[in-house]
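The file target_38.csv contains CSV, C-alpha atoms:
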```csv
chain,number,residue,atom,x,y,z
A,654,MET,CA,-76.4,30.2,-7.8
A,655,PHE,CA,-79.4,28.1,-8.5
A,656,ALA,CA,-77.3,24.9,-8.7
A,657,ILE,CA,-75.8,25.6,-5.3
A,658,LYS,CA,-79.2,26.1,-3.7
A,659,TYR,CA,-80.5,23.0,-5.4
A,660,VAL,CA,-77.7,20.8,-4.1
A,661,ILE,CA,-78.1,22.2,-0.6
A,662,GLN,CA,-81.9,21.6,-0.8
A,663,LEU,CA,-81.3,18.0,-1.6
A,664,GLY,CA,-79.1,17.7,1.4
A,665,MET,CA,-76.0,16.9,-0.7
A,666,GLU,CA,-73.7,19.6,0.6
A,667,GLY,CA,-71.2,17.0,1.8
A,668,PRO,CA,-67.7,17.0,0.3
A,669,GLU,CA,-68.3,13.6,-1.4
A,670,ASN,CA,-70.7,15.3,-3.8
A,671,LEU,CA,-68.6,18.3,-4.8
A,672,ASP,CA,-67.2,16.5,-7.8
A,673,LYS,CA,-70.6,15.8,-9.4
A,674,ALA,CA,-70.8,17.3,-12.9
A,675,ALA,CA,-73.8,17.8,-15.2
A,676,TRP,CA,-73.1,16.3,-18.6
A,677,THR,CA,-74.9,16.9,-21.8
A,678,LYS,CA,-74.9,14.5,-24.7
A,679,GLU,CA,-72.7,16.9,-26.7
A,680,MET,CA,-70.2,17.2,-23.8
A,681,LEU,CA,-70.0,13.4,-23.6
A,682,HIS,CA,-69.3,13.2,-27.4
A,683,VAL,CA,-66.5,15.8,-27.1
A,684,PHE,CA,-65.0,14.0,-24.1
A,685,CYS,CA,-65.1,10.6,-25.9
A,686,ASP,CA,-63.5,12.2,-29.0
A,687,LEU,CA,-60.8,13.8,-26.8
A,688,CYS,CA,-60.1,10.5,-25.0
A,689,ILE,CA,-59.7,8.7,-28.3
A,690,LYS,CA,-57.3,11.4,-29.5
A,691,ALA,CA,-55.3,11.3,-26.2
A,692,ILE,CA,-55.0,7.5,-26.5
A,693,ASP,CA,-53.9,7.8,-30.2
A,694,MET,CA,-51.2,10.3,-29.1
A,695,GLY,CA,-49.9,7.8,-26.5
A,696,MET,CA,-51.1,9.5,-23.4
A,697,LYS,CA,-52.6,6.3,-22.0
A,698,PRO,CA,-49.6,4.0,-21.9
A,699,ASN,CA,-51.2,1.3,-19.7
A,700,THR,CA,-54.5,1.2,-17.9
A,701,HIS,CA,-54.8,5.0,-17.2
A,702,PHE,CA,-54.0,8.4,-18.7
A,703,ASP,CA,-50.7,9.8,-17.7
A,704,LYS,CA,-50.1,13.3,-16.3
A,705,ALA,CA,-49.8,14.8,-19.8
A,706,GLY,CA,-53.0,13.0,-20.9
A,707,TRP,CA,-55.1,14.4,-18.0
A,708,LYS,CA,-53.6,17.9,-18.7
A,709,TYR,CA,-54.6,17.6,-22.4
A,710,LEU,CA,-58.1,16.4,-21.5
A,711,LEU,CA,-58.7,19.1,-19.0
A,712,THR,CA,-57.4,21.9,-21.3
A,713,ALA,CA,-59.0,20.6,-24.6
A,714,PHE,CA,-62.3,19.9,-22.9
A,715,LYS,CA,-62.5,23.4,-21.5
A,716,GLU,CA,-61.5,24.9,-24.9
A,717,GLN,CA,-64.2,22.9,-26.7
A,718,THR,CA,-67.1,23.1,-24.3
A,719,GLY,CA,-66.4,26.1,-22.1
A,720,HIS,CA,-66.7,23.9,-19.0
A,721,ALA,CA,-63.7,23.8,-16.6
A,722,PHE,CA,-64.3,20.4,-15.0
A,723,THR,CA,-61.8,18.9,-12.5
A,724,LYS,CA,-59.7,15.9,-13.1
A,725,THR,CA,-61.9,14.0,-10.7
A,726,GLN,CA,-65.0,14.9,-12.6
A,727,LEU,CA,-63.4,13.8,-15.9
A,728,LYS,CA,-62.1,10.6,-14.3
A,729,ASN,CA,-65.5,9.8,-12.8
A,730,LYS,CA,-67.0,10.1,-16.3
A,731,TRP,CA,-64.2,8.0,-17.8
A,732,ASP,CA,-64.8,5.3,-15.2
A,733,GLY,CA,-68.6,5.4,-15.6
A,734,CYS,CA,-68.3,5.2,-19.4
A,735,LYS,CA,-65.9,2.2,-19.1
A,736,LYS,CA,-68.4,0.4,-16.8
A,737,ASP,CA,-71.3,1.1,-19.2
A,738,TRP,CA,-69.2,-0.1,-22.2
A,739,ARG,CA,-68.4,-3.4,-20.4
A,740,ILE,CA,-72.1,-3.9,-19.7
A,741,TRP,CA,-73.1,-3.0,-23.3
A,742,THR,CA,-70.5,-5.4,-24.8
A,743,LYS,CA,-71.6,-8.2,-22.5
A,744,LEU,CA,-75.3,-7.6,-23.5
A,745,ILE,CA,-74.7,-7.5,-27.3
A,746,SER,CA,-72.5,-10.6,-27.2
A,747,GLU,CA,-75.4,-12.7,-25.9
A,748,THR,CA,-77.1,-15.0,-28.4
A,749,GLY,CA,-80.0,-13.3,-30.1
A,750,VAL,CA,-79.0,-9.8,-29.1
A,751,GLY,CA,-77.9,-7.0,-31.4
A,752,TRP,CA,-77.7,-3.3,-31.8
A,753,SER,CA,-80.1,-1.1,-33.7
A,754,ASN,CA,-78.2,1.8,-35.2
A,755,GLU,CA,-81.5,3.2,-36.4
A,756,LEU,CA,-83.0,3.3,-32.9
A,757,GLY,CA,-79.8,3.6,-30.9
A,758,THR,CA,-80.9,0.7,-28.7
A,759,ILE,CA,-80.3,-3.0,-28.0
A,760,SER,CA,-82.3,-5.2,-30.3
A,761,ALA,CA,-83.6,-8.5,-28.8
A,762,SER,CA,-86.7,-10.7,-28.9
A,763,ASP,CA,-89.5,-10.3,-26.4
A,764,GLU,CA,-88.5,-13.6,-24.9
A,765,TRP,CA,-85.0,-12.4,-24.3
A,766,TRP,CA,-86.2,-9.2,-22.6
A,767,LYS,CA,-88.7,-11.2,-20.3
A,768,ALA,CA,-85.9,-13.5,-19.2
A,769,LYS,CA,-83.5,-10.6,-18.6
A,770,ILE,CA,-86.1,-8.7,-16.6
A,771,GLN,CA,-86.7,-11.8,-14.4
A,772,VAL,CA,-83.0,-12.2,-13.7
A,773,ILE,CA,-82.7,-8.5,-12.8
A,774,CYS,CA,-85.8,-8.7,-10.5
A,775,ARG,CA,-84.5,-11.9,-8.9
A,776,ASP,CA,-81.1,-10.3,-8.2
A,777,HIS,CA,-82.5,-7.1,-6.6
```
For the structure just supplied, provide its representation as C-alpha coordinates.
Amino acid sequence: MFAIKYVIQLGMEGPENLDKAAWTKEMLHVFCDLCIKAIDMGMKPNTHFDKAGWKYLLTAFKEQTGHAFTKTQLKNKWDGCKKDWRIWTKLISETGVGWSNELGTISASDEWWKAKIQVICRDH
(Lines of atoms letter the chains of each structure in order from A and count residues from 1; the text may use other names and numbers.)
(Lines give C-alpha, C1' and ligand atoms only; values in the text may rest on other atoms or scores of the structure.)
Protein backbone atom coordinates (compact mmCIF):
# COMPACT_ATOMS: atom_id res chain seq x y z
CA MET A 1 0.00 0.00 0.00
CA PHE A 2 2.86 2.39 0.82
CA ALA A 3 4.29 1.94 -2.69
CA ILE A 4 0.98 2.86 -4.31
CA LYS A 5 0.65 5.99 -2.17
CA TYR A 6 4.26 6.93 -2.92
CA VAL A 7 3.78 6.59 -6.69
CA ILE A 8 0.59 8.66 -6.59
CA GLN A 9 2.28 11.30 -4.43
CA LEU A 10 4.98 11.65 -7.07
CA GLY A 11 2.30 12.20 -9.70
CA MET A 12 3.30 9.05 -11.54
CA GLU A 13 -0.06 7.36 -11.64
CA GLY A 14 -0.09 7.29 -15.45
CA PRO A 15 -0.06 3.96 -17.30
CA GLU A 16 3.46 4.55 -18.63
CA ASN A 17 4.84 4.00 -15.12
CA LEU A 18 2.91 0.86 -14.18
CA ASP A 19 5.77 -1.34 -15.38
CA LYS A 20 8.42 0.22 -13.11
CA ALA A 21 10.02 -2.33 -10.82
CA ALA A 22 12.27 -1.94 -7.80
CA TRP A 23 15.40 -4.06 -8.21
CA THR A 24 17.87 -5.08 -5.53
CA LYS A 25 21.45 -6.06 -6.28
CA GLU A 26 20.59 -9.67 -5.44
CA MET A 27 17.60 -9.67 -7.81
CA LEU A 28 19.80 -8.32 -10.59
CA HIS A 29 22.33 -11.11 -10.02
CA VAL A 30 19.58 -13.74 -10.15
CA PHE A 31 18.17 -12.19 -13.33
CA CYS A 32 21.58 -12.11 -15.03
CA ASP A 33 22.28 -15.73 -14.07
CA LEU A 34 18.88 -16.79 -15.42
CA CYS A 35 19.44 -14.89 -18.68
CA ILE A 36 22.80 -16.63 -19.15
CA LYS A 37 21.17 -19.99 -18.48
CA ALA A 38 18.32 -19.24 -20.93
CA ILE A 39 20.83 -18.24 -23.61
CA ASP A 40 22.86 -21.42 -22.98
CA MET A 41 19.62 -23.45 -23.35
CA GLY A 42 19.01 -21.87 -26.79
CA MET A 43 16.12 -19.62 -25.75
CA LYS A 44 17.62 -16.54 -27.43
CA PRO A 45 18.09 -17.75 -30.99
CA ASN A 46 18.72 -14.31 -32.48
CA THR A 47 18.49 -10.84 -30.98
CA HIS A 48 15.76 -11.55 -28.42
CA PHE A 49 14.44 -14.25 -26.12
CA ASP A 50 11.80 -16.46 -27.68
CA LYS A 51 8.42 -17.20 -26.08
CA ALA A 52 9.80 -20.19 -24.14
CA GLY A 53 12.71 -18.04 -22.97
CA TRP A 54 10.46 -15.34 -21.51
CA LYS A 55 8.26 -17.98 -19.87
CA TYR A 56 11.36 -19.57 -18.32
CA LEU A 57 12.67 -16.20 -17.10
CA LEU A 58 9.32 -15.18 -15.59
CA THR A 59 8.83 -18.52 -13.82
CA ALA A 60 12.39 -19.04 -12.62
CA PHE A 61 12.73 -15.41 -11.47
CA LYS A 62 9.56 -15.71 -9.38
CA GLU A 63 10.69 -19.05 -7.93
CA GLN A 64 14.11 -17.73 -6.96
CA THR A 65 13.18 -14.23 -5.75
CA GLY A 66 9.52 -14.42 -4.79
CA HIS A 67 8.79 -11.45 -7.08
CA ALA A 68 6.29 -11.89 -9.90
CA PHE A 69 7.52 -9.25 -12.33
CA THR A 70 5.86 -8.86 -15.72
CA LYS A 71 7.53 -9.64 -19.03
CA THR A 72 7.71 -5.89 -19.67
CA GLN A 73 9.51 -5.32 -16.38
CA LEU A 74 12.06 -8.03 -17.13
CA LYS A 75 12.50 -6.80 -20.71
CA ASN A 76 13.03 -3.24 -19.47
CA LYS A 77 15.76 -4.53 -17.14
CA TRP A 78 17.31 -6.58 -19.97
CA ASP A 79 17.33 -3.54 -22.28
CA GLY A 80 18.79 -1.31 -19.55
CA CYS A 81 21.52 -3.81 -18.71
CA LYS A 82 22.38 -4.17 -22.40
CA LYS A 83 22.69 -0.38 -22.72
CA ASP A 84 24.85 -0.17 -19.58
CA TRP A 85 27.06 -3.02 -20.85
CA ARG A 86 27.64 -1.23 -24.15
CA ILE A 87 28.67 1.96 -22.32
CA TRP A 88 30.93 -0.02 -19.96
CA THR A 89 32.69 -1.91 -22.75
CA LYS A 90 33.23 1.33 -24.66
CA LEU A 91 34.71 3.00 -21.57
CA ILE A 92 37.10 0.22 -20.61
CA SER A 93 38.30 -0.16 -24.20
CA GLU A 94 39.65 3.39 -24.18
CA THR A 95 43.41 3.81 -23.81
CA GLY A 96 44.49 4.15 -20.21
CA VAL A 97 41.25 2.80 -18.76
CA GLY A 98 40.74 -0.46 -16.94
CA TRP A 99 38.54 -2.18 -14.40
CA SER A 100 39.35 -2.53 -10.71
CA ASN A 101 37.93 -5.83 -9.46
CA GLU A 102 38.94 -4.86 -5.94
CA LEU A 103 36.88 -1.65 -5.99
CA GLY A 104 34.30 -2.66 -8.59
CA THR A 105 34.91 0.57 -10.49
CA ILE A 106 36.50 1.92 -13.64
CA SER A 107 40.18 2.65 -13.12
CA ALA A 108 41.67 5.65 -14.95
CA SER A 109 44.06 8.51 -14.42
CA ASP A 110 42.95 11.88 -13.07
CA GLU A 111 43.68 13.39 -16.50
CA TRP A 112 41.35 10.90 -18.20
CA TRP A 113 38.55 11.68 -15.73
CA LYS A 114 38.99 15.45 -16.17
CA ALA A 115 38.81 15.11 -19.97
CA LYS A 116 35.77 12.79 -19.75
CA ILE A 117 33.94 15.19 -17.40
CA GLN A 118 34.63 18.10 -19.78
CA VAL A 119 33.13 16.13 -22.69
CA ILE A 120 30.06 15.23 -20.63
CA CYS A 121 29.55 18.82 -19.46
CA ARG A 122 30.03 20.12 -23.03
CA ASP A 123 27.46 17.68 -24.42
CA HIS A 124 24.78 18.49 -21.83
For this session: Could you tell me how far CA of Trp738 in chain A lies from CA of Lys767 in chain A, in Å and to one decimal?
Result: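 Those two atoms sit 22.5 Å apart.
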Exercise. Using all atoms listed in the file, which of A:Asp776, A:Ala761, A:Lys728, A:Asn754 sits nearest Asp703 in chain A?
Worked result: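 For Asp703 in chain A, the nearest of the given residues is A:Lys728.
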Problem set entry | Selection near Val683 in chain A, 12 Å with only C-alpha atoms, sequence-local residues under 5 positions removed, as a ChimeraX atom specification | /A:676-678,688-690,710-711,713-720,727
For this session: Kindly indicate which residue among A:Lys708, A:Lys735, A:Gln771, A:Trp766 lies nearest to Val750 in chain A, using all atoms listed in the file for the distances.
Result: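 Closest to Val750 in chain A of all the choices is A:Trp766.
Rounded to one decimal, CA of Ala674 in chain A and CA of Ala721 in chain A lie 10.3 Å from each other.
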Exercise. For the atom pair CA of Cys734 in chain A and CA of Glu764 in chain A, what is the interatomic distance in Å to one decimal place?
Worked result: 28.1 Å
Exercise. Which one of A:Trp752, A:Glu679, A:Thr700, A:Arg775 sits closest to Trp731 in chain A if you count all atoms listed in the file?
Worked result: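 For Trp731 in chain A, the nearest of the candidates is A:Thr700.
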Problem set entry | Nearest residue to Thr723 in chain A from the set A:Asn699, A:Lys673, A:Ile745, A:Ser753 (distances using all atoms listed in the file) | A:Lys673
Exercise. Using all atoms listed in the file, which of the listed residues (A:Met694, A:Lys724, A:Lys730, A:Lys704) sits closest to His682 in chain A?
Worked result: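 For His682 in chain A, the nearest of the candidates is A:Lys730.
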